[in-house]
Amino acid sequence: MTEVVSVEIVRSPNEDQVATVVGDLVADRVASKLTAGDATLWGPDAESEASIRLAWTALHETSRPLVAEIEALRAELLAEGVDRVVLAGMGGSSLAPEVITGTAGVPVVVLDTTDPGQVADALAGDLRRTVLVVSSKSGGTVETDSHRRIFEAAFAAAGIDAASRIVVVTDPGSPLEAASREAGYRKVFLADPHVGGRYSALTAFGLVPSGLAGADVAGLLDDAAAAAPLVSVDSPDNPAVVLAAIFAVAHAHGAEKIVLADTGSGIAGLGDWAEQLIAESTGKNGTGLLPVVVEGPGAPGFVDARSDATTVAIGPATGSSSLAVEGRLGAQFLVWEYATALVGRVLDINPFDQPDVEAAKKAARSLLDAPTASAATPAFVDGPIEVYPSEGWLSGNVKTVADALKALVAAAPSHGYLSVQAYLDRLDDASFALVRPELAQRSHLQTTFGWGPRFLHSTGQYHKGGHQNGVYLQLTGASEASLDVPGRPYDLGTLQLAQALGDGQVLAERGRPVLRLHLTDRVAGLAQLVEAIQEDGS
């Protein structure tokens, strides 16, 4: 049986400084104060927010009553022949359930996209066997609201009572709760309002869709409960204290990136969940830790990491890893949450707010309100790729995608990073993820890859609020078909493009170089893009 949770140090940035930070955290009793809900740990400016965001430390106990409710609803649905779970949720509402169900090996269709093709594929499944779980703290998340509207109309068109097939997870008193009860939806689960989205893995947001899909959520809580005494004790052996100290000292020495590679943990996709937790919690006030999720321990960015990165194995240690974190999933959730909150104290930031996330949403909304503003003329066209650079960094003499990519990499400062943002179908267009290692290998920059718009609820905060040393490659593509959003004056393709343009606009306003490549043919565009990267040779 896997140990509950452990941290193995292979290499430390500075052992004496790490020991000092560990000693300070232990002497100040930070771990036990966090467990007790002490909102003063991050200073007076953060106290108001922290005071309503610390209930996650006890979820392994307080979420227990949910288990029976979830099991009862699952039994009801199965008796009715409903065994296909579709989850509409963004950020913490989808990332944790995806890890939980993927690790358990149970199917769930996750909708955290505005790509019309990906949503259409989800609609094409057997609706008579489908329950839609709508997860949103407020109900105002535009992607999730769009999915709800689309599926509600599809159920009705198929002669299915839509209300009987929609389950809602939201915060008490939210507009979504009121609207759901008025609509008579099958069941409304209320999550703990004193838990932020990225810390919500063990709330109803993580447990309901996972349990309905067949995952052992009681066992997940058991694993977290077993880890709770380890992360709440004021001891130099506390794995969360050790992680926080190493990350803080590494950051002080210029290693503001954390490269995550699974090395055989048995957990499916923990890095994607940790990416949101770390980036959105720490990336603000011009500081923070940037998670870089890579394909494996032999991937570019991990095996050849430089002094600006700490390499972390999720699973057994490897020769390229600085650290290894092993443990069962519920325990991993807890140790990473504690470590993130603790490193926030050392970095002097509030790990519970996300002040820059709203900027991209506002920009996207303004583009939806004025769709003609979305029209633009490409700087040039190279085969099936239209090239749209933000102003001020790309020479007008550049006429090929290969040269544009080379110029984007050259625009990154020393020890900066490259962010690839694919506003595409992450299932049918999954091959685009190959772009990350190709670019990382040739650029020698730490390179992240995010599917849009889901990364906006994750690393999007870091891009605007963290270290301003990134350059950004946006990938958008023509869609074969549109998909209207009932009751809204736009379709999904329009929304998807507005989200890309809005985020690019905000990044450009912060002085960061943005290169958008629009693929008029996605298949041919990918082939040319890879060829251009390989031609780049930077």
# chains A, B, ... in the order shown; residues from 1 in each chain; ligands from 1
$ residues_around --residues "A:Leu111" --least-positions-apart "6" --cutoff "9 Å" --atoms "only C-alpha atoms" --output "PyMOL selection string"
chain A and resi 86-90+94+118-119+122+143-144+147
$ write_last_selection --atoms "all heavy atoms" --output "JSON list (two decimals), in the first residue's frame"
[["chain", "number", "residue", "atom", "x", "y", "z"],
["A", 86, "VAL", "N", -22.13, 13.95, -17.52],
["A", 86, "VAL", "CA", -21.49, 15.07, -18.20],
["A", 86, "VAL", "C", -21.34, 16.20, -17.17],
["A", 86, "VAL", "O", -22.31, 16.56, -16.51],
["A", 86, "VAL", "CB", -22.31, 15.57, -19.40],
["A", 86, "VAL", "CG1", -21.64, 16.80, -20.03],
["A", 86, "VAL", "CG2", -22.46, 14.46, -20.44],
["A", 87, "LEU", "N", -20.14, 16.70, -17.03],
["A", 87, "LEU", "CA", -19.85, 17.74, -16.04],
["A", 87, "LEU", "C", -19.59, 19.06, -16.75],
["A", 87, "LEU", "O", -18.66, 19.17, -17.56],
["A", 87, "LEU", "CB", -18.64, 17.36, -15.19],
["A", 87, "LEU", "CG", -18.05, 18.47, -14.29],
["A", 87, "LEU", "CD1", -19.09, 18.94, -13.28],
["A", 87, "LEU", "CD2", -16.79, 17.98, -13.59],
["A", 88, "ALA", "N", -20.39, 20.06, -16.44],
["A", 88, "ALA", "CA", -20.17, 21.42, -16.93],
["A", 88, "ALA", "C", -19.60, 22.23, -15.78],
["A", 88, "ALA", "O", -20.28, 22.51, -14.80],
["A", 88, "ALA", "CB", -21.48, 22.03, -17.43],
["A", 89, "GLY", "N", -18.34, 22.59, -15.89],
["A", 89, "GLY", "CA", -17.69, 23.35, -14.82],
["A", 89, "GLY", "C", -16.33, 23.83, -15.28],
["A", 89, "GLY", "O", -15.73, 23.25, -16.19],
["A", 90, "MET", "N", -15.85, 24.90, -14.67],
["A", 90, "MET", "CA", -14.57, 25.47, -15.04],
["A", 90, "MET", "C", -13.65, 25.52, -13.82],
["A", 90, "MET", "O", -14.12, 25.59, -12.67],
["A", 90, "MET", "CB", -14.75, 26.88, -15.59],
["A", 90, "MET", "CG", -15.62, 26.97, -16.84],
["A", 90, "MET", "SD", -14.98, 26.06, -18.27],
["A", 90, "MET", "CE", -13.44, 26.95, -18.58],
["A", 94, "SER", "N", -13.96, 21.59, -12.33],
["A", 94, "SER", "CA", -13.76, 20.49, -13.27],
["A", 94, "SER", "C", -12.43, 19.78, -13.09],
["A", 94, "SER", "O", -12.32, 18.57, -13.32],
["A", 94, "SER", "CB", -13.85, 21.01, -14.71],
["A", 94, "SER", "OG", -12.84, 21.97, -14.97],
["A", 118, "GLN", "N", -16.15, 20.35, -29.61],
["A", 118, "GLN", "CA", -16.06, 19.52, -28.41],
["A", 118, "GLN", "C", -17.41, 19.44, -27.70],
["A", 118, "GLN", "O", -17.81, 18.37, -27.23],
["A", 118, "GLN", "CB", -14.99, 20.07, -27.46],
["A", 118, "GLN", "CG", -14.69, 19.14, -26.30],
["A", 118, "GLN", "CD", -13.51, 19.63, -25.46],
["A", 118, "GLN", "OE1", -12.67, 20.37, -25.93],
["A", 118, "GLN", "NE2", -13.47, 19.20, -24.21],
["A", 119, "VAL", "N", -18.14, 20.55, -27.64],
["A", 119, "VAL", "CA", -19.46, 20.53, -27.01],
["A", 119, "VAL", "C", -20.43, 19.72, -27.86],
["A", 119, "VAL", "O", -21.25, 18.95, -27.32],
["A", 119, "VAL", "CB", -19.97, 21.96, -26.78],
["A", 119, "VAL", "CG1", -21.39, 21.94, -26.20],
["A", 119, "VAL", "CG2", -19.03, 22.73, -25.86],
["A", 122, "ALA", "N", -20.05, 16.10, -27.13],
["A", 122, "ALA", "CA", -20.70, 15.72, -25.87],
["A", 122, "ALA", "C", -22.20, 15.59, -26.05],
["A", 122, "ALA", "O", -22.83, 14.68, -25.48],
["A", 122, "ALA", "CB", -20.37, 16.74, -24.79],
["A", 143, "GLU", "N", -19.07, 30.09, -19.44],
["A", 143, "GLU", "CA", -18.95, 28.80, -20.12],
["A", 143, "GLU", "C", -19.97, 27.80, -19.58],
["A", 143, "GLU", "O", -20.68, 27.13, -20.34],
["A", 143, "GLU", "CB", -17.53, 28.22, -19.94],
["A", 143, "GLU", "CG", -16.42, 29.12, -20.46],
["A", 143, "GLU", "CD", -15.83, 30.01, -19.38],
["A", 143, "GLU", "OE1", -16.52, 30.28, -18.37],
["A", 143, "GLU", "OE2", -14.67, 30.44, -19.56],
["A", 144, "THR", "N", -20.06, 27.71, -18.25],
["A", 144, "THR", "CA", -20.95, 26.74, -17.62],
["A", 144, "THR", "C", -22.42, 27.09, -17.87],
["A", 144, "THR", "O", -23.25, 26.21, -18.10],
["A", 144, "THR", "CB", -20.66, 26.67, -16.11],
["A", 144, "THR", "OG1", -19.26, 26.35, -15.94],
["A", 144, "THR", "CG2", -21.50, 25.61, -15.44],
["A", 147, "HIS", "N", -23.21, 25.93, -21.35],
["A", 147, "HIS", "CA", -23.40, 24.48, -21.42],
["A", 147, "HIS", "C", -24.77, 24.08, -20.88],
["A", 147, "HIS", "O", -25.45, 23.22, -21.46],
["A", 147, "HIS", "CB", -22.31, 23.76, -20.62],
["A", 147, "HIS", "CG", -20.93, 24.04, -21.09],
["A", 147, "HIS", "ND1", -19.83, 24.08, -20.25],
["A", 147, "HIS", "CD2", -20.44, 24.33, -22.33],
["A", 147, "HIS", "CE1", -18.75, 24.35, -20.94],
["A", 147, "HIS", "NE2", -19.09, 24.52, -22.20]]
$ residues_around --residues "A:Ser322" --least-positions-apart "2" --cutoff "12 Å" --atoms "only C-alpha atoms" --output "tab-separated table (two decimals) with N, CA, C and O atoms, in the first residue's frame"
chain	number	residue	atom	x	y	z
A	7	VAL	N	7.45	13.42	1.18
A	7	VAL	CA	8.25	14.30	0.33
A	7	VAL	C	9.70	13.86	0.45
A	7	VAL	O	10.26	13.80	1.55
A	8	GLU	N	10.30	13.52	-0.67
A	8	GLU	CA	11.72	13.15	-0.71
A	8	GLU	C	12.51	14.28	-1.36
A	8	GLU	O	12.17	14.71	-2.46
A	9	ILE	N	13.53	14.75	-0.67
A	9	ILE	CA	14.37	15.82	-1.21
A	9	ILE	C	15.58	15.18	-1.89
A	9	ILE	O	16.38	14.50	-1.26
A	10	VAL	N	15.69	15.39	-3.20
A	10	VAL	CA	16.84	14.90	-3.95
A	10	VAL	C	17.93	15.96	-3.97
A	10	VAL	O	19.08	15.70	-3.70
A	11	ARG	N	17.52	17.19	-4.28
A	11	ARG	CA	18.42	18.34	-4.28
A	11	ARG	C	17.67	19.51	-3.69
A	11	ARG	O	16.52	19.75	-4.01
A	12	SER	N	18.33	20.28	-2.85
A	12	SER	CA	17.71	21.45	-2.23
A	12	SER	C	18.43	22.70	-2.72
A	12	SER	O	19.65	22.69	-2.90
A	13	PRO	N	17.69	23.81	-2.95
A	13	PRO	CA	18.34	25.03	-3.46
A	13	PRO	C	19.40	25.58	-2.51
A	13	PRO	O	20.43	26.08	-2.94
A	14	ASN	N	19.17	25.49	-1.20
A	14	ASN	CA	20.11	25.95	-0.19
A	14	ASN	C	19.67	25.35	1.13
A	14	ASN	O	18.71	25.82	1.74
A	243	LEU	N	7.77	21.37	1.69
A	243	LEU	CA	7.52	21.84	0.32
A	243	LEU	C	7.51	23.36	0.26
A	243	LEU	O	8.12	23.98	-0.62
A	246	ILE	N	11.04	24.85	0.61
A	246	ILE	CA	11.89	24.65	-0.57
A	246	ILE	C	11.46	25.57	-1.71
A	246	ILE	O	12.29	26.21	-2.37
A	247	PHE	N	10.15	25.66	-1.94
A	247	PHE	CA	9.66	26.52	-3.02
A	247	PHE	C	9.97	27.99	-2.75
A	247	PHE	O	10.33	28.74	-3.66
A	250	ALA	N	13.77	28.51	-3.20
A	250	ALA	CA	14.08	28.44	-4.64
A	250	ALA	C	13.65	29.73	-5.33
A	250	ALA	O	14.39	30.28	-6.16
A	255	ALA	N	14.37	30.76	-8.93
A	255	ALA	CA	13.67	29.59	-9.49
A	255	ALA	C	12.18	29.74	-9.20
A	255	ALA	O	11.65	29.12	-8.28
A	258	ILE	N	7.95	25.82	-11.14
A	258	ILE	CA	7.89	24.47	-10.58
A	258	ILE	C	7.49	23.54	-11.70
A	258	ILE	O	6.38	23.64	-12.23
A	259	VAL	N	8.38	22.66	-12.11
A	259	VAL	CA	8.11	21.75	-13.23
A	259	VAL	C	7.62	20.42	-12.66
A	259	VAL	O	8.31	19.78	-11.86
A	260	LEU	N	6.42	20.03	-13.07
A	260	LEU	CA	5.76	18.85	-12.52
A	260	LEU	C	5.71	17.74	-13.55
A	260	LEU	O	5.20	17.92	-14.66
A	261	ALA	N	6.22	16.57	-13.17
A	261	ALA	CA	6.19	15.40	-14.05
A	261	ALA	C	5.72	14.19	-13.26
A	261	ALA	O	6.20	13.95	-12.15
A	297	PRO	N	9.13	12.53	-16.98
A	297	PRO	CA	10.44	12.94	-16.45
A	297	PRO	C	11.52	13.09	-17.50
A	297	PRO	O	12.56	13.69	-17.24
A	302	PHE	N	12.05	19.46	-18.04
A	302	PHE	CA	12.29	18.70	-16.80
A	302	PHE	C	13.71	18.14	-16.81
A	302	PHE	O	14.53	18.47	-15.95
A	303	VAL	N	14.00	17.34	-17.80
A	303	VAL	CA	15.31	16.69	-17.84
A	303	VAL	C	16.43	17.70	-18.08
A	303	VAL	O	17.58	17.47	-17.68
A	305	ALA	N	16.11	21.09	-17.13
A	305	ALA	CA	15.74	22.30	-16.38
A	305	ALA	C	16.97	23.08	-15.96
A	305	ALA	O	18.01	22.51	-15.60
A	306	ARG	N	16.83	24.41	-16.01
A	306	ARG	CA	17.93	25.28	-15.64
A	306	ARG	C	17.70	25.87	-14.24
A	306	ARG	O	16.82	25.42	-13.50
A	307	SER	N	18.44	26.88	-13.90
A	307	SER	CA	18.42	27.41	-12.54
A	307	SER	C	17.14	28.15	-12.20
A	307	SER	O	16.91	28.49	-11.04
A	309	ALA	N	14.17	26.88	-12.36
A	309	ALA	CA	13.08	25.93	-12.13
A	309	ALA	C	13.45	24.90	-11.08
A	309	ALA	O	14.62	24.50	-10.94
A	310	THR	N	12.43	24.46	-10.35
A	310	THR	CA	12.53	23.33	-9.42
A	310	THR	C	11.74	22.18	-10.02
A	310	THR	O	10.56	22.34	-10.35
A	311	THR	N	12.37	21.03	-10.19
A	311	THR	CA	11.71	19.88	-10.80
A	311	THR	C	11.12	18.99	-9.71
A	311	THR	O	11.81	18.59	-8.78
A	312	VAL	N	9.83	18.67	-9.88
A	312	VAL	CA	9.12	17.88	-8.87
A	312	VAL	C	8.52	16.65	-9.52
A	312	VAL	O	7.73	16.75	-10.46
A	313	ALA	N	8.91	15.49	-9.01
A	313	ALA	CA	8.32	14.23	-9.45
A	313	ALA	C	7.05	13.97	-8.65
A	313	ALA	O	7.07	14.03	-7.42
A	314	ILE	N	5.97	13.72	-9.35
A	314	ILE	CA	4.76	13.23	-8.68
A	314	ILE	C	4.82	11.72	-8.79
A	314	ILE	O	4.50	11.12	-9.81
A	316	PRO	N	7.68	8.38	-7.64
A	316	PRO	CA	9.07	8.12	-7.22
A	316	PRO	C	10.05	9.13	-7.80
A	316	PRO	O	9.85	9.65	-8.90
A	317	ALA	N	11.11	9.41	-7.07
A	317	ALA	CA	12.14	10.33	-7.53
A	317	ALA	C	12.86	9.78	-8.75
A	317	ALA	O	12.99	8.57	-8.93
A	318	THR	N	13.31	10.70	-9.61
A	318	THR	CA	14.13	10.34	-10.76
A	318	THR	C	15.42	11.14	-10.70
A	318	THR	O	15.55	12.07	-9.89
A	319	GLY	N	16.34	10.83	-11.59
A	319	GLY	CA	17.61	11.52	-11.58
A	319	GLY	C	17.51	13.00	-11.87
A	319	GLY	O	18.38	13.78	-11.46
A	320	SER	N	16.46	13.42	-12.57
A	320	SER	CA	16.31	14.83	-12.92
A	320	SER	C	15.47	15.61	-11.92
A	320	SER	O	15.34	16.83	-12.05
A	324	ALA	N	10.44	14.74	-4.79
A	324	ALA	CA	9.44	13.74	-5.16
A	324	ALA	C	8.34	13.76	-4.11
A	324	ALA	O	8.63	13.72	-2.91
A	325	VAL	N	7.11	13.85	-4.57
A	325	VAL	CA	5.97	13.83	-3.66
A	325	VAL	C	5.15	12.59	-4.00
A	325	VAL	O	4.63	12.46	-5.11
$ residues_around --residues "A:Ser174" --least-positions-apart "4" --cutoff "10 Å" --atoms "only C-alpha atoms" --output "list in words"
Ser136, Lys137, Ser138, Gly139, Gly140, Thr170, Ala178, Ala179, Ser180, Leu190 and Pro193 of chain A
$ closest_atom_pairs --of "stretch 403-434 of chain A" --to "stretch 517-521 of chain A" --cutoff "10 Å" --atoms "only C-alpha atoms" --output "tab-separated table"
residue	atom	partner	partner_atom	distance
A:Ala404	CA	A:Leu517	CA	9.8
A:Leu405	CA	A:Leu517	CA	10.0
A:Ala422	CA	A:Leu517	CA	9.7
A:Tyr423	CA	A:His518	CA	9.8
$ write_last_selection --atoms "N, CA, C and O atoms" --output "PDB file, in the first residue's frame"
ATOM      1  N   ALA A 404       8.136  34.348 -37.205  1.00  0.00           N
ATOM      2  CA  ALA A 404       7.338  34.956 -36.137  1.00  0.00           C
ATOM      3  C   ALA A 404       7.565  34.231 -34.813  1.00  0.00           C
ATOM      4  O   ALA A 404       7.684  34.859 -33.758  1.00  0.00           O
ATOM      5  N   LEU A 405       7.638  32.914 -34.871  1.00  0.00           N
ATOM      6  CA  LEU A 405       7.910  32.147 -33.653  1.00  0.00           C
ATOM      7  C   LEU A 405       9.298  32.466 -33.109  1.00  0.00           C
ATOM      8  O   LEU A 405       9.489  32.607 -31.890  1.00  0.00           O
ATOM      9  N   ALA A 422      -4.077  27.110 -26.382  1.00  0.00           N
ATOM     10  CA  ALA A 422      -4.800  26.531 -27.515  1.00  0.00           C
ATOM     11  C   ALA A 422      -6.304  26.623 -27.296  1.00  0.00           C
ATOM     12  O   ALA A 422      -6.874  25.873 -26.509  1.00  0.00           O
ATOM     13  N   TYR A 423      -6.933  27.548 -27.988  1.00  0.00           N
ATOM     14  CA  TYR A 423      -8.388  27.682 -27.940  1.00  0.00           C
ATOM     15  C   TYR A 423      -8.979  26.758 -29.006  1.00  0.00           C
ATOM     16  O   TYR A 423      -9.475  27.190 -30.045  1.00  0.00           O
TER      17      TYR A 423
END
$ closest_residue --among "A:Arg84, A:Lys187, A:Lys464, A:Arg454" --to "A:Arg426" --atoms "only C-alpha atoms"
A:Arg454
$ residues_around --residues "A:Val530" --least-positions-apart "4" --cutoff "8 Å" --atoms "only C-alpha atoms" --output "number ranges by chain"
A: 435, 438, 526, 534
$ write_last_selection --atoms "N, CA, C and O atoms" --output "mmCIF file, in the first residue's frame"
data_model
loop_
_atom_site.group_PDB
_atom_site.id
_atom_site.type_symbol
_atom_site.label_atom_id
_atom_site.label_comp_id
_atom_site.auth_asym_id
_atom_site.auth_seq_id
_atom_site.Cartn_x
_atom_site.Cartn_y
_atom_site.Cartn_z
ATOM 1 N N VAL A 435 2.992 20.580 -29.456
ATOM 2 C CA VAL A 435 3.671 21.856 -29.657
ATOM 3 C C VAL A 435 4.517 22.227 -28.437
ATOM 4 O O VAL A 435 5.585 22.830 -28.571
ATOM 5 N N GLU A 438 8.003 20.475 -28.373
ATOM 6 C CA GLU A 438 8.762 20.936 -29.537
ATOM 7 C C GLU A 438 9.316 22.341 -29.290
ATOM 8 O O GLU A 438 10.494 22.625 -29.543
ATOM 9 N N LEU A 526 -1.843 22.508 -38.070
ATOM 10 C CA LEU A 526 -0.955 21.855 -37.110
ATOM 11 C C LEU A 526 0.300 21.351 -37.808
ATOM 12 O O LEU A 526 1.419 21.522 -37.302
ATOM 13 N N GLN A 534 10.092 23.391 -36.075
ATOM 14 C CA GLN A 534 11.319 22.641 -36.342
ATOM 15 C C GLN A 534 12.268 23.423 -37.240
ATOM 16 O O GLN A 534 13.479 23.305 -37.124
#
$ residues_around --residues "A:Pro300" --least-positions-apart "5" --cutoff "10 Å" --atoms "only C-alpha atoms" --output "PyMOL selection string"
chain A and resi 294-295+305+436-442+444-447
$ closest_residue --among "A:Asn397, A:Gln332, A:Gln354, A:Thr459" --to "A:Ser6" --atoms "only C-alpha atoms"
A:Gln332
$ closest_atom_pairs --of "stretch 285-336 of chain A" --to "stretch 195-200 of chain A" --cutoff "12 Å" --atoms "only C-alpha atoms" --output "CSV"
residue,atom,partner,partner_atom,distance
A:Gly330,CA,A:Ser200,CA,11.9
A:Phe333,CA,A:Tyr199,CA,8.5
A:Leu334,CA,A:Tyr199,CA,9.0
A:Val335,CA,A:Tyr199,CA,11.4
A:Trp336,CA,A:Tyr199,CA,9.6
$ select_by_dssp --residues "stretch 216-328 of chain A" --states "strand (DSSP E or B)" --output "list in words"
Lys257, Ile258, Val259, Leu260, Ala261, Asp262, Leu290, Pro291, Val292, Val293, Ala309, Thr310, Thr311, Val312, Ala313, Ile314, Leu323, Ala324, Val325, Glu326 and Gly327 of chain A
$ select_by_dssp --residues "stretch 288-465 of chain A" --states "alpha helix (DSSP H)" --output "number ranges by chain"
A: 329-347, 357-369, 401-410, 435-443, 460-465
$ decode --residues "stretch 62-94 of chain A" --atoms "C-alpha atoms" --output "PDB file, in the first residue's frame"
ATOM      1  CA  THR A  62     -17.206  18.035   7.122  1.00  0.00           C
ATOM      2  CA  SER A  63     -17.835  16.501   3.676  1.00  0.00           C
ATOM      3  CA  ARG A  64     -18.733  13.074   5.082  1.00  0.00           C
ATOM      4  CA  PRO A  65     -22.517  13.619   5.011  1.00  0.00           C
ATOM      5  CA  LEU A  66     -22.319  14.185   1.258  1.00  0.00           C
ATOM      6  CA  VAL A  67     -21.282  10.602   0.592  1.00  0.00           C
ATOM      7  CA  ALA A  68     -24.665   9.068   1.421  1.00  0.00           C
ATOM      8  CA  GLU A  69     -26.508  11.735  -0.574  1.00  0.00           C
ATOM      9  CA  ILE A  70     -24.332  11.128  -3.617  1.00  0.00           C
ATOM     10  CA  GLU A  71     -24.695   7.351  -3.363  1.00  0.00           C
ATOM     11  CA  ALA A  72     -28.484   7.627  -3.054  1.00  0.00           C
ATOM     12  CA  LEU A  73     -28.767   9.842  -6.132  1.00  0.00           C
ATOM     13  CA  ARG A  74     -26.449   7.584  -8.117  1.00  0.00           C
ATOM     14  CA  ALA A  75     -28.624   4.582  -7.255  1.00  0.00           C
ATOM     15  CA  GLU A  76     -31.750   6.472  -8.368  1.00  0.00           C
ATOM     16  CA  LEU A  77     -30.178   7.453 -11.662  1.00  0.00           C
ATOM     17  CA  LEU A  78     -28.865   3.960 -12.372  1.00  0.00           C
ATOM     18  CA  ALA A  79     -32.333   2.527 -11.685  1.00  0.00           C
ATOM     19  CA  GLU A  80     -33.631   4.878 -14.386  1.00  0.00           C
ATOM     20  CA  GLY A  81     -30.931   3.772 -16.844  1.00  0.00           C
ATOM     21  CA  VAL A  82     -28.968   7.014 -16.465  1.00  0.00           C
ATOM     22  CA  ASP A  83     -25.279   6.156 -16.236  1.00  0.00           C
ATOM     23  CA  ARG A  84     -23.513   8.803 -18.343  1.00  0.00           C
ATOM     24  CA  VAL A  85     -22.247  11.811 -16.414  1.00  0.00           C
ATOM     25  CA  VAL A  86     -21.486  15.073 -18.197  1.00  0.00           C
ATOM     26  CA  LEU A  87     -19.852  17.745 -16.042  1.00  0.00           C
ATOM     27  CA  ALA A  88     -20.166  21.418 -16.931  1.00  0.00           C
ATOM     28  CA  GLY A  89     -17.689  23.346 -14.822  1.00  0.00           C
ATOM     29  CA  MET A  90     -14.569  25.466 -15.037  1.00  0.00           C
ATOM     30  CA  GLY A  91     -11.392  25.663 -12.970  1.00  0.00           C
ATOM     31  CA  GLY A  92     -11.713  23.986  -9.611  1.00  0.00           C
ATOM     32  CA  SER A  93     -15.183  22.750 -10.563  1.00  0.00           C
ATOM     33  CA  SER A  94     -13.757  20.487 -13.273  1.00  0.00           C
TER      34      SER A  94
END
